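**Student:** Coordinates in model.pdb, PDB, C-alpha atoms (C1' of nucleotides), are listed below.
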```pdb
ATOM      1  CA  MET A1123     -21.039  12.465  17.987
ATOM      2  CA  ARG A1124     -22.458  13.262  21.366
ATOM      3  CA  ARG A1125     -24.986  10.568  22.023
ATOM      4  CA  LYS A1126     -27.915  10.426  24.372
ATOM      5  CA  LYS A1127     -26.934   8.740  27.618
ATOM      6  CA  GLY A1128     -27.865   5.107  27.931
ATOM      7  CA  THR A1129     -27.935   4.634  24.185
ATOM      8  CA  LEU A1130     -25.899   2.109  22.257
ATOM      9  CA  LEU A1131     -24.351   2.904  18.921
ATOM     10  CA  PRO A1132     -24.852   0.417  16.062
ATOM     11  CA  LEU A1133     -21.235  -0.696  16.334
ATOM     12  CA  GLU A1134     -21.601  -1.265  20.044
ATOM     13  CA  VAL A1135     -24.759  -3.264  19.492
ATOM     14  CA  SER A1136     -22.873  -5.398  16.998
ATOM     15  CA  ILE A1137     -20.052  -6.015  19.430
ATOM     16  CA  LEU A1138     -22.393  -7.069  22.205
ATOM     17  CA  GLN A1139     -24.409  -9.268  19.846
ATOM     18  CA  CYS A1140     -21.287 -10.958  18.559
ATOM     19  CA  GLY A1141     -20.026 -11.449  22.087
ATOM     20  CA  ILE A1142     -23.243 -13.087  23.233
ATOM     21  CA  ASP A1143     -23.487 -15.046  20.024
ATOM     22  CA  LEU A1144     -20.032 -16.463  20.579
ATOM     23  CA  ALA A1145     -20.817 -17.206  24.212
ATOM     24  CA  VAL A1146     -23.904 -19.156  23.172
ATOM     25  CA  ARG A1147     -21.766 -21.066  20.708
ATOM     26  CA  GLY A1148     -19.451 -22.030  23.542
ATOM     27  CA  ALA A1149     -16.745 -19.344  23.330
ATOM     28  CA  PRO A1150     -17.466 -16.764  26.004
ATOM     29  CA  LEU A1151     -14.169 -14.941  25.490
ATOM     30  CA  PHE A1152     -13.464 -12.904  22.397
ATOM     31  CA  HIS A1153     -10.717 -10.549  21.349
ATOM     32  CA  GLY A1154     -10.761  -7.492  19.122
ATOM     33  CA  PHE A1155      -9.563  -9.161  15.975
ATOM     34  CA  LEU A1156     -12.070 -11.940  16.314
ATOM     35  CA  ILE A1157     -14.908  -9.479  16.678
ATOM     36  CA  ALA A1158     -13.586  -7.569  13.702
ATOM     37  CA  LYS A1159     -13.798 -10.741  11.625
ATOM     38  CA  GLU A1160     -17.226 -11.633  12.950
ATOM     39  CA  ILE A1161     -18.573  -8.202  12.138
ATOM     40  CA  ARG A1162     -16.943  -8.260   8.719
ATOM     41  CA  ASP A1163     -18.708 -11.565   7.992
ATOM     42  CA  ARG A1164     -22.092 -10.322   9.101
ATOM     43  CA  GLU A1165     -24.214  -7.903   7.193
ATOM     44  CA  ASP A1166     -22.909  -5.098   9.405
ATOM     45  CA  ALA A1167     -19.659  -5.047   7.503
ATOM     46  CA  LYS A1168     -19.928  -1.352   6.836
ATOM     47  CA  LEU A1169     -19.938  -0.655  10.551
ATOM     48  CA  LEU A1170     -16.288  -1.492  10.825
ATOM     49  CA  THR A1171     -13.787   0.090   8.546
ATOM     50  CA  ALA A1172     -10.774   1.039  10.617
ATOM     51  CA  HIS A1173      -9.568  -1.122  13.463
ATOM     52  CA  GLY A1174      -8.978   1.899  15.638
ATOM     53  CA  THR A1175     -12.710   2.489  15.644
ATOM     54  CA  LEU A1176     -13.340  -0.988  17.003
ATOM     55  CA  TYR A1177     -10.799  -0.745  19.794
ATOM     56  CA  LYS A1178     -12.224   2.608  20.819
ATOM     57  CA  ALA A1179     -15.674   1.070  20.962
ATOM     58  CA  LEU A1180     -14.334  -1.821  23.057
ATOM     59  CA  ASP A1181     -12.775   0.688  25.425
ATOM     60  CA  ARG A1182     -16.017   2.593  25.723
ATOM     61  CA  LEU A1183     -18.012  -0.546  26.441
ATOM     62  CA  GLN A1184     -15.507  -1.555  29.046
ATOM     63  CA  LYS A1185     -15.502   1.826  30.724
ATOM     64  CA  SER A1186     -19.282   1.776  30.934
ATOM     65  CA  GLY A1187     -19.189  -1.722  32.418
ATOM     66  CA  LEU A1188     -20.819  -3.567  29.547
ATOM     67  CA  LEU A1189     -17.640  -5.530  28.856
ATOM     68  CA  GLU A1190     -14.804  -6.768  30.991
ATOM     69  CA  SER A1191     -11.403  -7.844  29.794
ATOM     70  CA  ASP A1192      -8.305  -9.775  30.758
ATOM     71  CA  TRP A1193      -4.993 -10.026  29.031
ATOM     72  CA  GLU A1194      -4.033 -13.370  27.620
ATOM     73  CA  ASP A1195      -1.214 -15.232  29.322
ATOM     74  CA  PRO A1196       1.902 -13.905  27.566
ATOM     75  CA  LEU A1197       3.420 -17.372  27.509
ATOM     76  CA  VAL A1198       0.525 -18.739  25.482
ATOM     77  CA  ALA A1199       0.801 -15.926  22.960
ATOM     78  CA  ALA A1200       4.557 -16.469  22.782
ATOM     79  CA  GLN A1201       4.103 -20.167  22.252
ATOM     80  CA  GLU A1202       1.756 -19.513  19.372
ATOM     81  CA  GLY A1203       4.069 -16.908  17.959
ATOM     82  CA  ARG A1204       1.697 -13.973  17.789
ATOM     83  CA  PRO A1205       0.939 -10.745  19.668
ATOM     84  CA  ARG A1206      -0.939 -11.011  22.911
ATOM     85  CA  ARG A1207      -4.693 -10.894  22.838
ATOM     86  CA  ARG A1208      -7.034  -9.108  25.129
ATOM     87  CA  PHE A1209     -10.029 -11.238  25.969
ATOM     88  CA  TYR A1210     -13.360  -9.576  26.508
ATOM     89  CA  HIS A1211     -16.605 -10.946  27.813
ATOM     90  CA  VAL A1212     -20.061  -9.398  27.980
ATOM     91  CA  THR A1213     -21.193  -8.558  31.510
ATOM     92  CA  ALA A1214     -24.708  -8.859  32.881
ATOM     93  CA  ALA A1215     -25.031  -5.098  32.432
ATOM     94  CA  GLY A1216     -23.960  -5.556  28.840
ATOM     95  CA  LYS A1217     -26.647  -8.114  28.199
ATOM     96  CA  ALA A1218     -29.237  -5.861  29.804
ATOM     97  CA  ALA A1219     -28.154  -2.875  27.764
ATOM     98  CA  LEU A1220     -28.331  -4.905  24.577
ATOM     99  CA  VAL A1221     -31.822  -6.174  25.364
ATOM    100  CA  LYS A1222     -32.983  -2.684  26.170
ATOM    101  CA  SER A1223     -31.501  -1.370  22.964
ATOM    102  CA  LEU A1224     -33.095  -4.113  20.889
ATOM    103  CA  GLU A1225     -36.471  -3.481  22.485
ATOM    104  CA  ALA A1226     -36.258   0.215  21.801
ATOM    105  CA  VAL A1227     -35.931  -0.199  18.036
ATOM    106  CA  PRO A1228     -37.099  -3.736  17.336
ATOM    107  CA  ALA A1229     -37.760  -3.569  13.592
ATOM    108  CA  GLN A1230     -34.308  -2.623  12.378
ATOM    109  CA  ALA A1231     -32.263  -5.046  10.320
ATOM    110  CA  SER A1232     -29.012  -4.421  12.150
ATOM    111  CA  GLN A1233     -30.707  -4.917  15.474
ATOM    112  CA  ARG A1234     -32.727  -8.002  14.687
ATOM    113  CA  ARG A1235     -33.240 -10.925  17.047
ATOM    114  CA  ILE A1236     -30.141 -12.996  17.387
ATOM    115  CA  PRO A1237     -29.643 -16.713  17.988
ATOM    116  CA  GLY A1238     -29.510 -17.323  21.670
ATOM    117  CA  MET A1239     -31.398 -14.209  22.560
ATOM    118  CA  ALA A1240     -33.810 -16.260  24.619
ATOM    119  CA  ALA A1241     -30.890 -16.979  26.920
ATOM    120  CA  LEU A1242     -30.648 -13.330  27.905
TER     121      LEU A1242
ATOM    122  CA  MET B 278      19.472 -11.873  -7.545
ATOM    123  CA  ARG B 279      21.761 -14.830  -7.477
ATOM    124  CA  ARG B 280      24.883 -13.630  -5.778
ATOM    125  CA  LYS B 281      28.437 -14.898  -5.831
ATOM    126  CA  LYS B 282      29.067 -17.166  -2.869
ATOM    127  CA  GLY B 283      30.758 -15.568   0.103
ATOM    128  CA  THR B 284      29.590 -12.122  -0.909
ATOM    129  CA  LEU B 285      27.594  -9.774   1.274
ATOM    130  CA  LEU B 286      24.803  -7.650  -0.114
ATOM    131  CA  PRO B 287      24.780  -3.928   0.752
ATOM    132  CA  LEU B 288      21.815  -4.441   3.081
ATOM    133  CA  GLU B 289      23.595  -7.272   4.837
ATOM    134  CA  VAL B 290      26.704  -5.147   5.236
ATOM    135  CA  SER B 291      24.549  -2.438   6.780
ATOM    136  CA  ILE B 292      22.979  -4.859   9.222
ATOM    137  CA  LEU B 293      26.325  -6.207  10.363
ATOM    138  CA  GLN B 294      27.773  -2.715  10.639
ATOM    139  CA  CYS B 295      24.844  -1.518  12.687
ATOM    140  CA  GLY B 296      25.060  -4.579  14.895
ATOM    141  CA  ILE B 297      28.733  -4.062  15.609
ATOM    142  CA  ASP B 298      28.238  -0.345  15.978
ATOM    143  CA  LEU B 299      25.600  -0.907  18.620
ATOM    144  CA  ALA B 300      27.746  -3.485  20.364
ATOM    145  CA  VAL B 301      30.619  -0.986  20.573
ATOM    146  CA  ARG B 302      28.198   1.544  21.994
ATOM    147  CA  GLY B 303      27.295  -0.952  24.712
ATOM    148  CA  ALA B 304      24.206  -2.629  23.295
ATOM    149  CA  PRO B 305      25.253  -5.966  21.847
ATOM    150  CA  LEU B 306      21.693  -7.128  21.245
ATOM    151  CA  PHE B 307      19.525  -5.611  18.557
ATOM    152  CA  HIS B 308      16.156  -6.423  17.082
ATOM    153  CA  GLY B 309      14.763  -5.986  13.604
ATOM    154  CA  PHE B 310      12.906  -2.768  14.243
ATOM    155  CA  LEU B 311      15.896  -1.179  15.877
ATOM    156  CA  ILE B 312      18.085  -2.021  12.915
ATOM    157  CA  ALA B 313      15.421  -0.670  10.609
ATOM    158  CA  LYS B 314      15.544   2.641  12.457
ATOM    159  CA  GLU B 315      19.327   2.702  12.545
ATOM    160  CA  ILE B 316      19.540   2.075   8.825
ATOM    161  CA  ARG B 317      16.868   4.659   8.132
ATOM    162  CA  ASP B 318      18.886   7.224  10.071
ATOM    163  CA  ARG B 319      22.093   6.447   8.250
ATOM    164  CA  GLU B 320      22.854   7.405   4.714
ATOM    165  CA  ASP B 321      21.854   3.908   3.614
ATOM    166  CA  ALA B 322      18.198   4.764   3.986
ATOM    167  CA  LYS B 323      17.430   3.675   0.467
ATOM    168  CA  LEU B 324      18.614   0.185   1.266
ATOM    169  CA  LEU B 325      15.572  -0.453   3.348
ATOM    170  CA  THR B 326      12.155   0.195   2.012
ATOM    171  CA  ALA B 327       9.933  -2.689   3.036
ATOM    172  CA  HIS B 328      10.288  -4.391   6.399
ATOM    173  CA  GLY B 329       9.844  -7.799   4.855
ATOM    174  CA  THR B 330      13.122  -7.263   3.058
ATOM    175  CA  LEU B 331      14.929  -6.652   6.332
ATOM    176  CA  TYR B 332      13.550  -9.707   8.071
ATOM    177  CA  LYS B 333      14.455 -11.830   5.104
ATOM    178  CA  ALA B 334      17.992 -10.499   5.250
ATOM    179  CA  LEU B 335      18.172 -11.204   8.992
ATOM    180  CA  ASP B 336      17.052 -14.774   8.301
ATOM    181  CA  ARG B 337      19.704 -15.180   5.649
ATOM    182  CA  LEU B 338      22.443 -13.877   7.906
ATOM    183  CA  GLN B 339      21.314 -16.180  10.646
ATOM    184  CA  LYS B 340      21.190 -19.212   8.396
ATOM    185  CA  SER B 341      24.694 -18.514   7.187
ATOM    186  CA  GLY B 342      25.903 -18.161  10.783
ATOM    187  CA  LEU B 343      26.743 -14.470  10.705
ATOM    188  CA  LEU B 344      24.025 -13.675  13.224
ATOM    189  CA  GLU B 345      22.468 -15.551  16.107
ATOM    190  CA  SER B 346      19.169 -14.766  17.769
ATOM    191  CA  ASP B 347      17.108 -15.345  20.885
ATOM    192  CA  TRP B 348      13.525 -14.469  21.602
ATOM    193  CA  GLU B 349      12.860 -11.902  24.248
ATOM    194  CA  ASP B 350      11.302 -13.081  27.482
ATOM    195  CA  PRO B 351       7.560 -12.865  26.781
ATOM    196  CA  LEU B 352       6.909 -11.509  30.256
ATOM    197  CA  VAL B 353       9.127  -8.504  29.626
ATOM    198  CA  ALA B 354       7.381  -7.737  26.351
ATOM    199  CA  ALA B 355       4.009  -8.141  28.043
ATOM    200  CA  GLN B 356       5.030  -5.826  30.847
ATOM    201  CA  GLU B 357       6.020  -3.172  28.354
ATOM    202  CA  GLY B 358       2.840  -3.715  26.384
ATOM    203  CA  ARG B 359       4.312  -4.450  22.989
ATOM    204  CA  PRO B 360       4.961  -7.413  20.692
ATOM    205  CA  ARG B 361       7.872  -9.648  21.528
ATOM    206  CA  ARG B 362      11.248  -8.854  20.066
ATOM    207  CA  ARG B 363      13.795 -11.145  18.589
ATOM    208  CA  PHE B 364      17.276 -10.194  19.685
ATOM    209  CA  TYR B 365      20.161 -10.705  17.297
ATOM    210  CA  HIS B 366      23.885 -10.473  17.844
ATOM    211  CA  VAL B 367      26.746 -10.574  15.367
ATOM    212  CA  THR B 368      28.849 -13.718  15.594
ATOM    213  CA  ALA B 369      32.605 -13.969  15.121
ATOM    214  CA  ALA B 370      31.935 -15.293  11.634
ATOM    215  CA  GLY B 371      29.764 -12.248  11.047
ATOM    216  CA  LYS B 372      32.556  -9.898  12.037
ATOM    217  CA  ALA B 373      35.003 -11.751   9.809
ATOM    218  CA  ALA B 374      32.636 -11.649   6.856
ATOM    219  CA  LEU B 375      32.110  -7.939   7.328
ATOM    220  CA  VAL B 376      35.823  -7.220   7.502
ATOM    221  CA  LYS B 377      36.421  -9.281   4.402
ATOM    222  CA  SER B 378      33.649  -7.496   2.597
ATOM    223  CA  LEU B 379      34.941  -4.062   3.610
ATOM    224  CA  GLU B 380      38.454  -4.974   2.480
ATOM    225  CA  ALA B 381      37.202  -6.162  -0.886
ATOM    226  CA  VAL B 382      35.648  -2.808  -1.812
ATOM    227  CA  PRO B 383      37.220  -0.289   0.539
ATOM    228  CA  ALA B 384      36.424   2.946  -1.274
ATOM    229  CA  GLN B 385      32.646   2.802  -1.287
ATOM    230  CA  ALA B 386      30.611   5.208   0.783
ATOM    231  CA  SER B 387      28.155   2.656   2.072
ATOM    232  CA  GLN B 388      30.983   0.401   3.120
ATOM    233  CA  ARG B 389      33.244   2.944   4.744
ATOM    234  CA  ARG B 390      35.196   2.437   7.948
ATOM    235  CA  ILE B 391      32.949   2.441  10.938
ATOM    236  CA  PRO B 392      33.501   3.551  14.522
ATOM    237  CA  GLY B 393      34.824   0.639  16.481
ATOM    238  CA  MET B 394      36.168  -1.154  13.501
ATOM    239  CA  ALA B 395      39.544  -1.439  15.195
ATOM    240  CA  ALA B 396      37.848  -3.722  17.686
ATOM    241  CA  LEU B 397      37.193  -6.314  14.998
TER     242      LEU B 397
ATOM    243  C1'  DT C1043      26.275 -13.465 -26.367
ATOM    244  C1'  DG C1044      22.022 -15.155 -25.171
ATOM    245  C1'  DA C1045      19.036 -17.841 -22.282
ATOM    246  C1'  DC C1046      17.934 -19.806 -18.012
ATOM    247  C1'  DA C1047      17.753 -20.327 -13.215
ATOM    248  C1'  DA C1048      18.320 -18.682  -8.696
ATOM    249  C1'  DA C1049      17.778 -15.490  -5.435
ATOM    250  C1'  DA C1050      16.855 -10.668  -3.740
ATOM    251  C1'  DG C1051      13.643  -6.825  -3.596
ATOM    252  C1'  DG C1052       9.082  -4.855  -3.260
ATOM    253  C1'  DC C1053       4.222  -4.924  -2.235
ATOM    254  C1'  DA C1054       0.709  -6.447   0.366
ATOM    255  C1'  DG C1055      -1.288  -8.438   4.139
ATOM    256  C1'  DA C1056      -1.750 -11.455   8.517
ATOM    257  C1'  DT C1057      -1.339 -11.148  13.547
ATOM    258  C1'  DA C1058      -2.915  -7.932  17.549
ATOM    259  C1'  DT C1059      -3.488  -3.638  20.031
ATOM    260  C1'  DC C1060      -3.320   1.159  20.618
ATOM    261  C1'  DT C1061      -2.516   6.344  19.774
ATOM    262  C1'  DT C1062      -2.968  10.728  17.555
ATOM    263  C1'  DC C1063      -4.990  13.913  14.695
ATOM    264  C1'  DC C1064      -8.586  15.554  11.893
ATOM    265  C1'  DT C1065     -13.417  15.520  10.277
ATOM    266  C1'  DA C1066     -18.241  14.868  10.682
ATOM    267  C1'  DT C1067     -22.261  14.432  13.193
ATOM    268  C1'  DT C1068     -25.421  14.937  16.862
ATOM    269  C1'  DC C1069     -27.087  16.706  21.273
ATOM    270  C1'  DT C1070     -27.945  20.348  24.177
ATOM    271  C1'  DT C1071     -28.515  24.942  25.516
ATOM    272  C1'  DC C1072     -29.716  29.533  24.721
TER     273       DC C1072
ATOM    274  C1'  DG D 960     -33.679  27.676  15.326
ATOM    275  C1'  DA D 961     -28.798  28.539  15.599
ATOM    276  C1'  DA D 962     -24.519  28.129  17.921
ATOM    277  C1'  DG D 963     -21.463  25.610  20.594
ATOM    278  C1'  DA D 964     -19.713  21.493  22.813
ATOM    279  C1'  DA D 965     -18.933  16.806  22.904
ATOM    280  C1'  DT D 966     -17.829  12.748  20.899
ATOM    281  C1'  DA D 967     -17.768   9.059  17.231
ATOM    282  C1'  DG D 968     -15.596   7.799  12.935
ATOM    283  C1'  DG D 969     -11.771   7.537   9.680
ATOM    284  C1'  DA D 970      -7.034   7.637   8.233
ATOM    285  C1'  DA D 971      -2.633   6.811   9.402
ATOM    286  C1'  DG D 972       1.022   5.159  11.865
ATOM    287  C1'  DA D 973       3.639   3.000  15.971
ATOM    288  C1'  DT D 974       4.989  -1.507  17.830
ATOM    289  C1'  DA D 975       7.079  -6.107  16.146
ATOM    290  C1'  DT D 976       7.596 -10.142  13.229
ATOM    291  C1'  DC D 977       6.671 -12.965   9.414
ATOM    292  C1'  DT D 978       4.606 -14.986   4.942
ATOM    293  C1'  DG D 979       3.397 -15.247   0.096
ATOM    294  C1'  DC D 980       3.472 -13.733  -4.430
ATOM    295  C1'  DC D 981       5.343 -11.414  -8.175
ATOM    296  C1'  DT D 982       9.057  -8.785 -10.377
ATOM    297  C1'  DT D 983      13.677  -7.763 -11.255
ATOM    298  C1'  DT D 984      18.354  -8.510 -11.304
ATOM    299  C1'  DT D 985      22.459 -11.137 -11.720
ATOM    300  C1'  DG D 986      25.510 -15.129 -12.191
ATOM    301  C1'  DT D 987      26.407 -19.111 -14.803
ATOM    302  C1'  DC D 988      26.432 -22.157 -18.465
ATOM    303  C1'  DA D 989      25.962 -23.390 -23.139
TER     304       DA D 989
END
```
Spit out the file's structure as structure tokens when you get a sec.
**Tutor:**
Amino acid sequence: MRRKKGTLLPLEVSILQCGIDLAVRGAPLFHGFLIAKEIRDREDAKLLTAHGTLYKALDRLQKSGLLESDWEDPLVAAQEGRPRRRFYHVTAAGKAALVKSLEAVPAQASQRRIPGMAAL
Amino acid sequence: MRRKKGTLLPLEVSILQCGIDLAVRGAPLFHGFLIAKEIRDREDAKLLTAHGTLYKALDRLQKSGLLESDWEDPLVAAQEGRPRRRFYHVTAAGKAALVKSLEAVPAQASQRRIPGMAAL
DNA sequence: TGACAAAAGGCAGATATCTTCCTATTCTTC
DNA sequence: GAAGAATAGGAAGATATCTGCCTTTTGTCA
């Protein structure tokens, strides 16, 4: 889609919002599937159809430094009998980019103020 | 389907055959996906449509002692970046049951003599 | 022989991540 | 303003196992 540099796509905004939201609620680490569920439960459901889209967005955010990730301990995943998760967390740059993006277009429903935004 | 006791279903015969086949070829341990591929590549392709069916059959064979299984080391799976495998191997009882089953209906295509059968 | 019960098969989906290929959209440059 | 390039989105499938629900088949018993 060739975006303007320094811009966040709606899906990326949603990811960062969810990540910060979860951090405020005491869970600073999130994985792809969790975010997928969170987004599905919000009003931005339409933003996420295919999972591939989400993982690509996570990759992008990571490459641009707005997210960082670590793989879950394989033993924990094994113990719980499921595939390994990749845990992401929003970086300081991620928070800044989100704030900037929200300021740029403040009146849009999908980019409204979020709980815990004061903490940014 | 309510089968006669001591009988093997075509899918179960295929699993045991594949398992022994692989063992003869030097790979005594197999996992569900591998068997699925093997069966797909054989003429018994129609025996396996859904994966759930295969895993149920593997469970049955294990419960009746014809197969045994061990989970792959989670660290190995993690290193190779894929979900953990469950490795099965055909037990002596499994070999015996297969031989008995092949003797019972010797002229059927899906239950023909297999390479390495002399080793049973 | 007919009815019932038991078990197998199929479909779908959960769990989790990632890749490839194609399409659609947007930005930039001329 | 139009053309071209870049990139996001969507569909599908690979990797691996397992569960639940419903349908179909088959053996057994009356």
**Student:** Would you mind telling me which residue in A:Leu1197, A:Ala1145, A:Leu1220, A:Met1123 lies nearest to DT1067 of chain C when using all atoms listed in the file?
**Tutor:**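 Of A:Leu1197, A:Ala1145, A:Leu1220, A:Met1123, the one nearest DT1067 of chain C, counting all atoms listed in the file, is A:Met1123.
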**Student:** Please enumerate the residues selected by the PyMOL selection byres ((chain B and resi 342) around 10) when evaluated against the supplied file, formatted as an NGL selection string.
**Tutor:** :B and (336-341 or 343-345 or 367-371)
**Student:** Determine the residue membership of the PyMOL selection byres ((chain D) within 6 of (chain B)) for the file above and supply it as number ranges by chain.
**Tutor:** D: 974-975, 984-985
**Student:** May I ask which of the residues A:Ile1161, A:Pro1196, A:Leu1224, A:Glu1202 is the closest one to chain B, counting only C-alpha atoms?
**Tutor:**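 So, comparing all the options, the nearest one is A:Pro1196.
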**Student:** Could you superpose chain B on chain A by least squares over every Cα, matched in sequence order, and send it back as a short mmCIF file (atom, residue, chain, number, x, y, z; two decimals) with C-alpha atoms, in the frame of the given file?
**Tutor:**
```cif
data_model
loop_
_atom_site.label_atom_id
_atom_site.label_comp_id
_atom_site.auth_asym_id
_atom_site.auth_seq_id
_atom_site.Cartn_x
_atom_site.Cartn_y
_atom_site.Cartn_z
CA MET B 278 -21.15 12.40 17.84
CA ARG B 279 -22.55 13.24 21.20
CA ARG B 280 -25.07 10.56 21.92
CA LYS B 281 -28.04 10.44 24.24
CA LYS B 282 -27.08 8.83 27.53
CA GLY B 283 -27.93 5.17 27.89
CA THR B 284 -27.99 4.67 24.15
CA LEU B 285 -25.93 2.13 22.27
CA LEU B 286 -24.34 2.91 18.94
CA PRO B 287 -24.84 0.43 16.08
CA LEU B 288 -21.22 -0.69 16.35
CA GLU B 289 -21.60 -1.25 20.07
CA VAL B 290 -24.76 -3.25 19.50
CA SER B 291 -22.86 -5.38 17.01
CA ILE B 292 -20.04 -6.00 19.45
CA LEU B 293 -22.39 -7.06 22.22
CA GLN B 294 -24.39 -9.25 19.86
CA CYS B 295 -21.27 -10.94 18.58
CA GLY B 296 -20.02 -11.44 22.11
CA ILE B 297 -23.23 -13.08 23.24
CA ASP B 298 -23.47 -15.03 20.02
CA LEU B 299 -20.02 -16.47 20.58
CA ALA B 300 -20.80 -17.21 24.20
CA VAL B 301 -23.89 -19.18 23.16
CA ARG B 302 -21.75 -21.07 20.68
CA GLY B 303 -19.43 -22.03 23.53
CA ALA B 304 -16.74 -19.37 23.33
CA PRO B 305 -17.46 -16.78 26.00
CA LEU B 306 -14.17 -14.96 25.51
CA PHE B 307 -13.47 -12.91 22.42
CA HIS B 308 -10.74 -10.54 21.37
CA GLY B 309 -10.78 -7.47 19.18
CA PHE B 310 -9.58 -9.13 16.01
CA LEU B 311 -12.08 -11.91 16.33
CA ILE B 312 -14.92 -9.45 16.70
CA ALA B 313 -13.60 -7.54 13.73
CA LYS B 314 -13.80 -10.70 11.64
CA GLU B 315 -17.23 -11.62 12.96
CA ILE B 316 -18.58 -8.18 12.16
CA ARG B 317 -16.96 -8.23 8.74
CA ASP B 318 -18.69 -11.53 8.00
CA ARG B 319 -22.08 -10.29 9.11
CA GLU B 320 -24.22 -7.87 7.21
CA ASP B 321 -22.92 -5.07 9.43
CA ALA B 322 -19.65 -5.01 7.55
CA LYS B 323 -19.93 -1.32 6.87
CA LEU B 324 -19.96 -0.62 10.58
CA LEU B 325 -16.32 -1.45 10.84
CA THR B 326 -13.82 0.12 8.57
CA ALA B 327 -10.80 1.07 10.63
CA HIS B 328 -9.57 -1.09 13.49
CA GLY B 329 -8.95 1.93 15.66
CA THR B 330 -12.68 2.52 15.68
CA LEU B 331 -13.32 -0.96 17.04
CA TYR B 332 -10.78 -0.72 19.83
CA LYS B 333 -12.17 2.62 20.83
CA ALA B 334 -15.64 1.12 21.00
CA LEU B 335 -14.34 -1.80 23.09
CA ASP B 336 -12.77 0.71 25.48
CA ARG B 337 -16.02 2.61 25.76
CA LEU B 338 -18.01 -0.53 26.47
CA GLN B 339 -15.52 -1.55 29.08
CA LYS B 340 -15.52 1.83 30.77
CA SER B 341 -19.29 1.78 30.96
CA GLY B 342 -19.21 -1.72 32.45
CA LEU B 343 -20.82 -3.57 29.56
CA LEU B 344 -17.64 -5.52 28.88
CA GLU B 345 -14.80 -6.77 31.03
CA SER B 346 -11.39 -7.86 29.82
CA ASP B 347 -8.30 -9.81 30.77
CA TRP B 348 -4.98 -10.07 29.03
CA GLU B 349 -4.02 -13.40 27.61
CA ASP B 350 -1.21 -15.28 29.29
CA PRO B 351 1.90 -13.98 27.52
CA LEU B 352 3.41 -17.46 27.45
CA VAL B 353 0.50 -18.80 25.43
CA ALA B 354 0.78 -15.98 22.91
CA ALA B 355 4.53 -16.52 22.70
CA GLN B 356 4.07 -20.23 22.15
CA GLU B 357 1.71 -19.55 19.29
CA GLY B 358 4.03 -16.93 17.88
CA ARG B 359 1.67 -13.99 17.74
CA PRO B 360 0.94 -10.77 19.62
CA ARG B 361 -0.93 -11.06 22.88
CA ARG B 362 -4.69 -10.90 22.84
CA ARG B 363 -7.02 -9.11 25.14
CA PHE B 364 -10.01 -11.24 25.97
CA TYR B 365 -13.36 -9.57 26.52
CA HIS B 366 -16.61 -10.95 27.85
CA VAL B 367 -20.06 -9.39 28.01
CA THR B 368 -21.20 -8.56 31.52
CA ALA B 369 -24.73 -8.84 32.89
CA ALA B 370 -25.04 -5.09 32.46
CA GLY B 371 -23.94 -5.55 28.86
CA LYS B 372 -26.66 -8.10 28.22
CA ALA B 373 -29.26 -5.84 29.82
CA ALA B 374 -28.15 -2.86 27.77
CA LEU B 375 -28.33 -4.89 24.60
CA VAL B 376 -31.81 -6.17 25.36
CA LYS B 377 -32.98 -2.68 26.16
CA SER B 378 -31.48 -1.37 22.96
CA LEU B 379 -33.07 -4.13 20.87
CA GLU B 380 -36.46 -3.49 22.46
CA ALA B 381 -36.23 0.22 21.76
CA VAL B 382 -35.88 -0.23 17.99
CA PRO B 383 -37.05 -3.76 17.28
CA ALA B 384 -37.68 -3.56 13.55
CA GLN B 385 -34.21 -2.67 12.33
CA ALA B 386 -32.17 -5.13 10.34
CA SER B 387 -28.91 -4.51 12.14
CA GLN B 388 -30.62 -4.96 15.47
CA ARG B 389 -32.68 -8.03 14.71
CA ARG B 390 -33.23 -10.95 17.05
CA ILE B 391 -30.14 -13.03 17.39
CA PRO B 392 -29.63 -16.74 18.00
CA GLY B 393 -29.51 -17.34 21.70
CA MET B 394 -31.38 -14.23 22.58
CA ALA B 395 -33.80 -16.27 24.66
CA ALA B 396 -30.88 -16.97 26.96
CA LEU B 397 -30.64 -13.31 27.92
#
```
**Student:** Record the distance separating atom CA of Ala1158 of chain A and atom CA of Thr1171 of chain A, expressed in Å with one decimal.
**Tutor:** 9.2 Å
**Student:** May I have the residues within 12 Å of DC981 of chain D as a ChimeraX atom specification, using all atoms listed in the file and disregarding those fewer than 5 positions away in the same chain?
**Tutor:** /C:1051-1054
**Student:** Selected by the PyMOL selection byres ((chain C) within 6 of (chain B)) in the shown coordinates: which residues, as a list in words?
**Tutor:**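 Applied to this file, the PyMOL selection byres ((chain C) within 6 of (chain B)) returns DA1048, DA1049 and DA1050 of chain C.
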**Student:** Which residue gives the smallest distance to chain B among A:Ala1200, A:Leu1144, A:Lys1217, A:Phe1209, with all atoms listed in the file counted?
**Tutor:**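 Answer, going by the shortest atom-to-atom distance: A:Ala1200.
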**Student:** Hey, what's within 12 Å of DC988 of chain D if we count only C-alpha atoms (C1' of nucleotides) and toss same-chain stuff fewer than 4 positions away? As a list of chain:residue names, please?
**Tutor:**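 Counting only the stated atoms, we get C:DT1043, C:DG1044, C:DA1045, C:DC1046, C:DA1047.
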**Student:** Let me make sure I understand: among B:Ala354, B:Glu380, B:Ala373, B:Tyr365, which one has the smallest atom-to-atom distance to chain A if we use all atoms listed in the file?
**Tutor:**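 Using all atoms listed in the file, the shortest distance to chain A belongs to B:Ala354.
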**Student:** Could you name the residues that touch His1211 of chain A at 7 Å or less, counting all atoms listed in the file, but leaving out those on the same chain fewer than 6 positions away, as a ChimeraX atom specification?
**Tutor:** /A:1141,1150-1152,1189-1191
**Student:** One decimal, Å: what's the distance from atom CA of Glu1160 of chain A over to atom CA of Lys1222 of chain A, could you say?
**Tutor:** 22.4 Å
